Amino acid sequence: MDRLQNTVRPYAWGSVTAIPHLTGTEPTGEPQAELWMGAHPGAPSLVDRGTGPRSLAELIAADPERELGPAVTARFGPQLPFLLKLLAADAPLSVQVHPDSDQAAAGYADEERRGVPRTAPERNYKDPHHKPELICALTPFEGLCGFRDPAEAADALAALDLDSLKPYVDLLHAHPEEAALREVLTAVLTADRDEMAATVTEAAAASARLGGPHATYADLARHHPGDPGVLAAMLLNQVSLQPGEALYLGAGVPHAYLSGLGVEIMAASDNVLRCGLTPKHIDVPELLRIVRFDPATPAVLRPEASPDVEEVYDTPVHDFRLSRYVLAPGAPGRDLTLSTPQILLSTEGSPTVGNLPLGPGQSVFVPAGEPVELRGPGTVFRATALT
């Protein structure tokens with residue numbers, strides 16, 4: 001197994017202190033938004049097998065069946081199918097959705113055919129894969145996920161008592177519900193930018209006066225003045241996670257992380273379509289084609305314990321599987337050997353993986369089939385794939 005050297009991504013929305021506090025390091029004064037663990041080409045982890053640091057992506061490419069196992073290689077190709085992260089949000093991320101596998105493959109093929117450069121800001125599909133993801137809270141964590149009941153959204157807008165919002169309120173009372181949500185989101189994203197900016201400014205001021213749940217929208221507007229995504233956010237469910245709780249985000253579900261520290265795992269894809277709270281490109285027609293407009297209450301996941309004390313966060317995809325072990329002092333060691341590749345991440349205590357002690361925020365890569373034992377005390381998250 002290999003101790004991982006991981007890269008911090010300094011996105012502007014990141015917390016300056018959350019990841020340093022977890023890892024016991026001094027803050028740099030710059031945002032530390034995400035700590036990436038895996039073989040994603042954007043920031044692959046480094047490992048040292050005695051000849052100096054090498055990219056985990058390079059090692060996997062050189063011998064995928066040895067590192068990933070034959071079953072994972074056959075299903076996903078010669079690449080690690082997931083990316084594991086520590087994510088620390090101190091400001092809202094963009095409201096976004098991800099395509100399903102068929103949509104991603106078709107969109108990627110179309111943009112390739114049209115010759116859209118992969119680095120172009122208007123490019124929607126960087127690869128032909130879906131991008132499901134799961135966030136598990138390490139601290140209280142706030143987010144937006146999925147469409148709320150249109151009547152609830154109408155009430156939230158009506159409470160602001162603004163003439164400019166009354167047409168949206170009326171639309172949200174129409175039927176069927178999915179068509180009402182589609183019509184309102186379309187109207188918000190295609191409105192005159194100056195008029196919409198004025199409406200958002202009024203809505204933010206009214207939200208600040210109301211407080212309570214509306215305070216979230218005032219905060220969004222503080223970070224993104226005049227952004228139509230503030231009104232789009234009012235169509236979505238607000239979700240609060242407590243430590244240990246998780247949220248699964250499937251294809252077509254609009255979502256945004258707002259604040260908190262968590263462990264995130266996702267399929268190794270870069271396909272994102274944005275619908276607000278961002279200066280980046282928004283392809284409204286493609287977004288509306290991908291978004292699922294069915295309202296639903298988000299399902300908060302709690303881990304399901306197995307006989308060997310592994311706590312599993314069950315999801316409907318094969319690209320990744322996230323679980324955790326919470327071992328008390330003196331607890332017996334656990335055999336974690338699998339026929340699939342693993343990344344093991346410590347978030348608390350002083351566990352040992354094989355002969356490698358792990359402090360909070362430290363991680364190891366375990367090739368497929370490699371014998372590995374975990375000993376406590378501490379909390380360790382296990383990321384792998386299913387075949």
# chains A, B, ... in the order shown; residues from 1 in each chain; ligands from 1
call {"tool": "residues_around", "arguments": {"residues": "Glu34 (chain A)", "least_positions_apart": "2", "cutoff": "8 Å", "atoms": "only C-alpha atoms", "output": "MDAnalysis selection string"}}
result
chainID A and resid 8:11 14 32 36 85:88
call {"tool": "select_by_dssp", "arguments": {"residues": "region 103-286 of chain A", "states": "helix (DSSP H, G or I)", "output": "VMD selection string"}}
result
chain A and resid 103 to 113 150 to 158 163 to 172 177 to 190 193 to 210 212 to 223 229 to 233 284 to 286
call {"tool": "residues_around", "arguments": {"residues": "region 130-133 of chain A", "least_positions_apart": "3", "cutoff": "8 Å", "atoms": "only C-alpha atoms", "output": "ChimeraX atom specification"}}
result
/A:98-101,104,248-251,264-271,317
call {"tool": "write_last_selection", "arguments": {"atoms": "N, CA, C and O atoms", "output": "mmCIF file, in the first residue's frame"}}
result
data_model
loop_
_atom_site.group_PDB
_atom_site.id
_atom_site.type_symbol
_atom_site.label_atom_id
_atom_site.label_comp_id
_atom_site.auth_asym_id
_atom_site.auth_seq_id
_atom_site.Cartn_x
_atom_site.Cartn_y
_atom_site.Cartn_z
ATOM 1 N N HIS A 98 -25.584 17.339 -12.927
ATOM 2 C CA HIS A 98 -24.707 16.451 -13.672
ATOM 3 C C HIS A 98 -25.546 15.549 -14.571
ATOM 4 O O HIS A 98 -26.668 15.157 -14.199
ATOM 5 N N PRO A 99 -25.041 15.193 -15.746
ATOM 6 C CA PRO A 99 -25.799 14.351 -16.676
ATOM 7 C C PRO A 99 -25.748 12.894 -16.280
ATOM 8 O O PRO A 99 -24.871 12.455 -15.509
ATOM 9 N N ASP A 100 -26.688 12.096 -16.823
ATOM 10 C CA ASP A 100 -26.580 10.646 -16.674
ATOM 11 C C ASP A 100 -25.619 10.116 -17.738
ATOM 12 O O ASP A 100 -25.084 10.873 -18.563
ATOM 13 N N SER A 101 -25.400 8.816 -17.744
ATOM 14 C CA SER A 101 -24.393 8.234 -18.641
ATOM 15 C C SER A 101 -24.736 8.453 -20.110
ATOM 16 O O SER A 101 -23.863 8.819 -20.921
ATOM 17 N N ALA A 104 -24.310 12.167 -21.025
ATOM 18 C CA ALA A 104 -22.902 12.539 -21.083
ATOM 19 C C ALA A 104 -22.246 12.020 -22.353
ATOM 20 O O ALA A 104 -21.497 12.750 -23.025
ATOM 21 N N TYR A 248 -26.749 11.802 -1.168
ATOM 22 C CA TYR A 248 -26.384 11.296 -2.490
ATOM 23 C C TYR A 248 -27.018 12.174 -3.558
ATOM 24 O O TYR A 248 -28.198 12.524 -3.468
ATOM 25 N N LEU A 249 -26.243 12.516 -4.580
ATOM 26 C CA LEU A 249 -26.699 13.415 -5.636
ATOM 27 C C LEU A 249 -26.581 12.701 -6.968
ATOM 28 O O LEU A 249 -25.485 12.490 -7.491
ATOM 29 N N GLY A 250 -27.739 12.293 -7.514
ATOM 30 C CA GLY A 250 -27.770 11.584 -8.775
ATOM 31 C C GLY A 250 -27.904 12.527 -9.951
ATOM 32 O O GLY A 250 -27.923 13.757 -9.812
ATOM 33 N N ALA A 251 -28.023 11.960 -11.118
ATOM 34 C CA ALA A 251 -28.087 12.742 -12.352
ATOM 35 C C ALA A 251 -29.320 13.637 -12.372
ATOM 36 O O ALA A 251 -30.406 13.243 -11.945
ATOM 37 N N GLU A 264 -16.202 13.898 0.474
ATOM 38 C CA GLU A 264 -16.964 13.773 -0.765
ATOM 39 C C GLU A 264 -16.335 12.700 -1.631
ATOM 40 O O GLU A 264 -15.118 12.601 -1.738
ATOM 41 N N ILE A 265 -17.192 11.899 -2.268
ATOM 42 C CA ILE A 265 -16.731 10.926 -3.245
ATOM 43 C C ILE A 265 -17.601 11.062 -4.483
ATOM 44 O O ILE A 265 -18.806 11.319 -4.378
ATOM 45 N N MET A 266 -16.976 10.919 -5.650
ATOM 46 C CA MET A 266 -17.707 11.094 -6.897
ATOM 47 C C MET A 266 -17.098 10.220 -7.971
ATOM 48 O O MET A 266 -15.962 9.758 -7.848
ATOM 49 N N ALA A 267 -17.886 9.968 -9.015
ATOM 50 C CA ALA A 267 -17.327 9.333 -10.190
ATOM 51 C C ALA A 267 -16.291 10.269 -10.807
ATOM 52 O O ALA A 267 -16.411 11.491 -10.724
ATOM 53 N N ALA A 268 -15.275 9.693 -11.432
ATOM 54 C CA ALA A 268 -14.148 10.476 -11.948
ATOM 55 C C ALA A 268 -14.514 11.150 -13.262
ATOM 56 O O ALA A 268 -14.043 10.784 -14.333
ATOM 57 N N SER A 269 -15.383 12.147 -13.169
ATOM 58 C CA SER A 269 -15.844 12.900 -14.335
ATOM 59 C C SER A 269 -15.793 14.387 -14.019
ATOM 60 O O SER A 269 -15.819 14.780 -12.847
ATOM 61 N N ASP A 270 -15.725 15.206 -15.075
ATOM 62 C CA ASP A 270 -15.725 16.658 -14.908
ATOM 63 C C ASP A 270 -16.978 17.308 -15.484
ATOM 64 O O ASP A 270 -16.990 18.516 -15.724
ATOM 65 N N ASN A 271 -18.036 16.544 -15.720
ATOM 66 C CA ASN A 271 -19.216 17.078 -16.400
ATOM 67 C C ASN A 271 -20.139 17.813 -15.428
ATOM 68 O O ASN A 271 -20.756 17.199 -14.562
ATOM 69 N N VAL A 317 -24.972 3.310 -7.427
ATOM 70 C CA VAL A 317 -23.980 3.307 -8.502
ATOM 71 C C VAL A 317 -22.842 2.351 -8.177
ATOM 72 O O VAL A 317 -22.639 1.966 -7.016
#
call {"tool": "closest_residue", "arguments": {"among": "A:Leu93, A:Ala43, A:Ala62, A:Leu56", "to": "Asp2 (chain A)", "atoms": "only C-alpha atoms"}}
result
A:Leu56
call {"tool": "closest_atom_pairs", "arguments": {"of": "region 31-128 of chain A", "to": "region 357-364 of chain A", "cutoff": "10 Å", "atoms": "only C-alpha atoms", "output": "Markdown table"}}
result
| residue | atom | partner | partner_atom | distance |
| --- | --- | --- | --- | --- |
| A:Leu35 | CA | A:Gly361 | CA | 8.7 |
| A:Met37 | CA | A:Ser363 | CA | 7.8 |
| A:Gly38 | CA | A:Val364 | CA | 9.7 |
| A:Ser45 | CA | A:Val364 | CA | 9.9 |
| A:Val47 | CA | A:Val364 | CA | 9.0 |
| A:Lys85 | CA | A:Gly361 | CA | 9.9 |
| A:Leu86 | CA | A:Gly361 | CA | 8.0 |
call {"tool": "atom_distance", "arguments": {"atom1": "CA of Pro351 (chain A)", "atom2": "CA of Tyr313 (chain A)"}}
result
20.9 Å
call {"tool": "closest_residue", "arguments": {"among": "A:Cys275, A:Val72, A:Ala187, A:Leu210", "to": "Ala256 (chain A)", "atoms": "only C-alpha atoms"}}
result
A:Cys275
call {"tool": "closest_residue", "arguments": {"among": "A:Glu177, A:Ala233, A:Gln242, A:Arg123", "to": "Ala204 (chain A)", "atoms": "only C-alpha atoms"}}
result
A:Ala233
call {"tool": "decode", "arguments": {"residues": "region 197-243 of chain A", "atoms": "C-alpha atoms", "output": "short mmCIF file (atom, residue, chain, number, x, y, z; two decimals), in the first residue's frame"}}
result
data_model
loop_
_atom_site.label_atom_id
_atom_site.label_comp_id
_atom_site.auth_asym_id
_atom_site.auth_seq_id
_atom_site.Cartn_x
_atom_site.Cartn_y
_atom_site.Cartn_z
CA ALA A 197 -30.30 41.87 -11.07
CA ALA A 198 -32.68 44.51 -9.70
CA THR A 199 -35.20 41.83 -8.70
CA VAL A 200 -32.52 39.79 -6.93
CA THR A 201 -31.31 42.87 -5.06
CA GLU A 202 -34.86 43.55 -3.83
CA ALA A 203 -35.37 39.89 -2.96
CA ALA A 204 -32.11 39.81 -1.00
CA ALA A 205 -33.06 42.87 1.05
CA ALA A 206 -36.50 41.40 1.80
CA SER A 207 -34.92 38.04 2.73
CA ALA A 208 -32.55 39.75 5.15
CA ARG A 209 -35.50 41.48 6.83
CA LEU A 210 -37.46 38.24 7.15
CA GLY A 211 -34.56 36.18 8.50
CA GLY A 212 -35.09 32.52 9.40
CA PRO A 213 -34.79 30.26 6.34
CA HIS A 214 -34.79 33.35 4.10
CA ALA A 215 -31.45 34.41 5.60
CA THR A 216 -29.83 31.79 3.36
CA TYR A 217 -30.92 33.69 0.24
CA ALA A 218 -29.67 36.99 1.61
CA ASP A 219 -26.30 35.32 2.17
CA LEU A 220 -26.28 33.90 -1.37
CA ALA A 221 -26.91 37.39 -2.77
CA ARG A 222 -24.13 38.82 -0.60
CA HIS A 223 -21.69 36.44 -2.27
CA HIS A 224 -23.27 36.73 -5.74
CA PRO A 225 -24.99 40.13 -6.08
CA GLY A 226 -27.71 40.21 -8.73
CA ASP A 227 -27.18 36.57 -9.72
CA PRO A 228 -30.38 34.83 -10.96
CA GLY A 229 -29.15 31.74 -9.13
CA VAL A 230 -30.41 33.36 -5.92
CA LEU A 231 -34.00 32.97 -7.16
CA ALA A 232 -33.23 29.52 -8.58
CA ALA A 233 -32.05 28.54 -5.09
CA MET A 234 -35.47 29.46 -3.68
CA LEU A 235 -36.94 26.63 -5.75
CA LEU A 236 -34.72 24.07 -3.99
CA ASN A 237 -34.81 22.23 -0.70
CA GLN A 238 -32.55 23.46 2.07
CA VAL A 239 -30.71 20.54 3.67
CA SER A 240 -28.82 20.41 6.98
CA LEU A 241 -26.56 17.45 7.67
CA GLN A 242 -25.17 16.50 11.06
CA PRO A 243 -21.77 14.78 11.35
#
